Amino acid sequence: MQTPAQIRAQLSLGRDQSGLAETEAWLASATARELLRIDHYARQARYPVPLLGRARSWKLKNASLVVAALASMHPDGRLREQAVRVLCGLAGALSDRALAIRVADHVEVVRELAEEEVLRRTTLAQAERIVPVVQRISQRGRGSQVQARYLQALVDAHGEASVWACLRISADVDVRRTAFRHSFETGLLGSADAVRLLPRERDQVVRRKLIQVIAETATPEVIAETLLRGRSAESRVLGLVKLTAAQLDPVAVEQLLLDRSVLVRLWARLRWQEMGRDAGEVYAAVARSAAKPTVRARAYAELAETGAEFDRVEVVELAQSADLALKKTGLSLLRGKVVAADVPWLLREMTGEDSRVARLAGDVLSGSPQLWSLADLGVLKDSADVVIQRRGWWLHRSLGGWEAVIVDLESGAFRDRLELPMYVRPTVAQQQRIAELLGTLSLGLDQVSGIAFAAGLPR
């Protein structure tokens, strides 16, 4: 979407004969929303000379379509009225859209002229261009009633089924969504239509409507066939919600136990339990099978959700796996099971390229600070890579207290002031380190005094 400055620059081209062709193409390609924004900025009257020039400089006799369309956006109401009269005698997409905009004009005579002409333009091709504009205007004050009148004129001319079928294939997203919603609410489309349309639908809002219709009106067999096998997680979840355990096929539910979606897996596990079966057995079998690594990783994650305990050797093997999905799962399961021998390779994981793996390894180490020392962090904090340095600072800072203050001083990561611990004095080693850092940093006297006082440093 163009900025106001870009819109004004493009409109200025329309004042020259050489730029009219480019301006016409620009107006023709604009969406309904963009066209209304263009009209708004074109009519702004805060300039000594209007953006589109003075009204008296316009000659609308025998004007071309693009000239009349631009004149219809001029701040001068008298010029807009002349332009609308010219547009009433001109056919074409730009004429249709320019007139549709003027049904919300603040000058009554312009508004009435535009509405009268719009209500006469009732071919389906004209409707595709006019409806998107009047639908957006319907959410405003002036001209809000035109959409209902225009739709009624279309229905009178072509019949309700034809009109809404045309609008359901509109290029305008909002019009298309409204058309589908209206079609299902009035019975123009039904459950069978939703089943037919769902596999090919790409718009999430329309797809949600189709899923909702199927879930509310279709038979259990159709819901199981259509929704449980749907591409979207939303359809699979709603299928599991609508159908009871007795209505579900155990084979289908077992497959959904390891679905990509967490919410689908949760509902599948609930239905599996209602069938009197143990989801943990399925997860354990898949986790230790030859399935794809991503599927095994899901199985391990779900097995952990059931409260299962894992052998430390198995978890370490996962955390050191060459596969990224299994590695992440293993690191997540390693929390609370880490030993001192794991520190070196966990620090190496924090130097890797994958930020998620580095964060998980850091979480494991930060949860067991007694296993590592500040000297161990040298592999991170002394790195030439700034990203790895920050990971080292983050792990150091996880110690909290005065160590967090030391890290902030080392990294210069604080803004105006540090968060100094209250009621806790630093150790002698911490005091020495703080004194060294204060001597090297360019801080204000007040800030240095405050830190020194809180840390108990001698004056």
# chains A, B, ... in the order shown; residues from 1 in each chain; ligands from 1
>>> select_by_dssp(residues="stretch 24-253 of chain A", states="helix (DSSP H, G or I)", output="ChimeraX atom specification")
/A:24-29,32-42,55-57,65-71,77-88,93-102,108-118,124-137,146-158,160-167,173-186,191-200,204-217,220-226,233-242,245-247,250-253
>>> residues_around(residues="stretch 260-270 of chain A", least_positions_apart="3", cutoff="9 Å", atoms="only C-alpha atoms", output="list in words")
Ala233, Glu234, Arg236, Val237, Leu238, Leu240, Val241, Val253, Glu254, Gln255, Leu256, Leu257, Gln273, Glu274, Met275, Asp278, Ala279, Val295, Arg298 and Glu302 of chain A
>>> closest_residue(among="A:Gln204, A:Ser442, A:Gln135, A:Ser144", to="A:Ala179", atoms="only C-alpha atoms")
A:Gln135
>>> closest_residue(among="A:Val405, A:Ala42, A:Leu443, A:Ala28", to="A:Ala5", atoms="only C-alpha atoms")
A:Ala42
>>> residues_around(residues="A:Ala32", least_positions_apart="3", cutoff="9 Å", atoms="only C-alpha atoms", output="MDAnalysis selection string")
chainID A and resid 35:37 97 129:130 132:134 136 172
>>> atom_distance(atom1="atom CA of A:Asp249", atom2="atom CA of A:Gly276")
13.4 Å
>>> atom_distance(atom1="atom CA of A:Leu210", atom2="atom CA of A:Val222")
13.1 Å
>>> residues_around(residues="stretch 327-341 of chain A", least_positions_apart="4", cutoff="8 Å", atoms="only C-alpha atoms", output="number ranges by chain")
A: 297, 300-301, 304, 312, 315-323, 356-357, 360-361, 363-365, 367-368, 371-372
>>> residues_around(residues="A:Ala435", least_positions_apart="2", cutoff="12 Å", atoms="only C-alpha atoms", output="ChimeraX atom specification")
/A:405-406,409-410,426,428-433,437-441,448-449,451-453,455-459
>>> closest_residue(among="A:Val379, A:Val387, A:Val286, A:Ala148", to="A:Asp354", atoms="only C-alpha atoms")
A:Val387
>>> atom_distance(atom1="atom CA of A:Tyr41", atom2="atom CA of A:Ser72")
12.8 Å
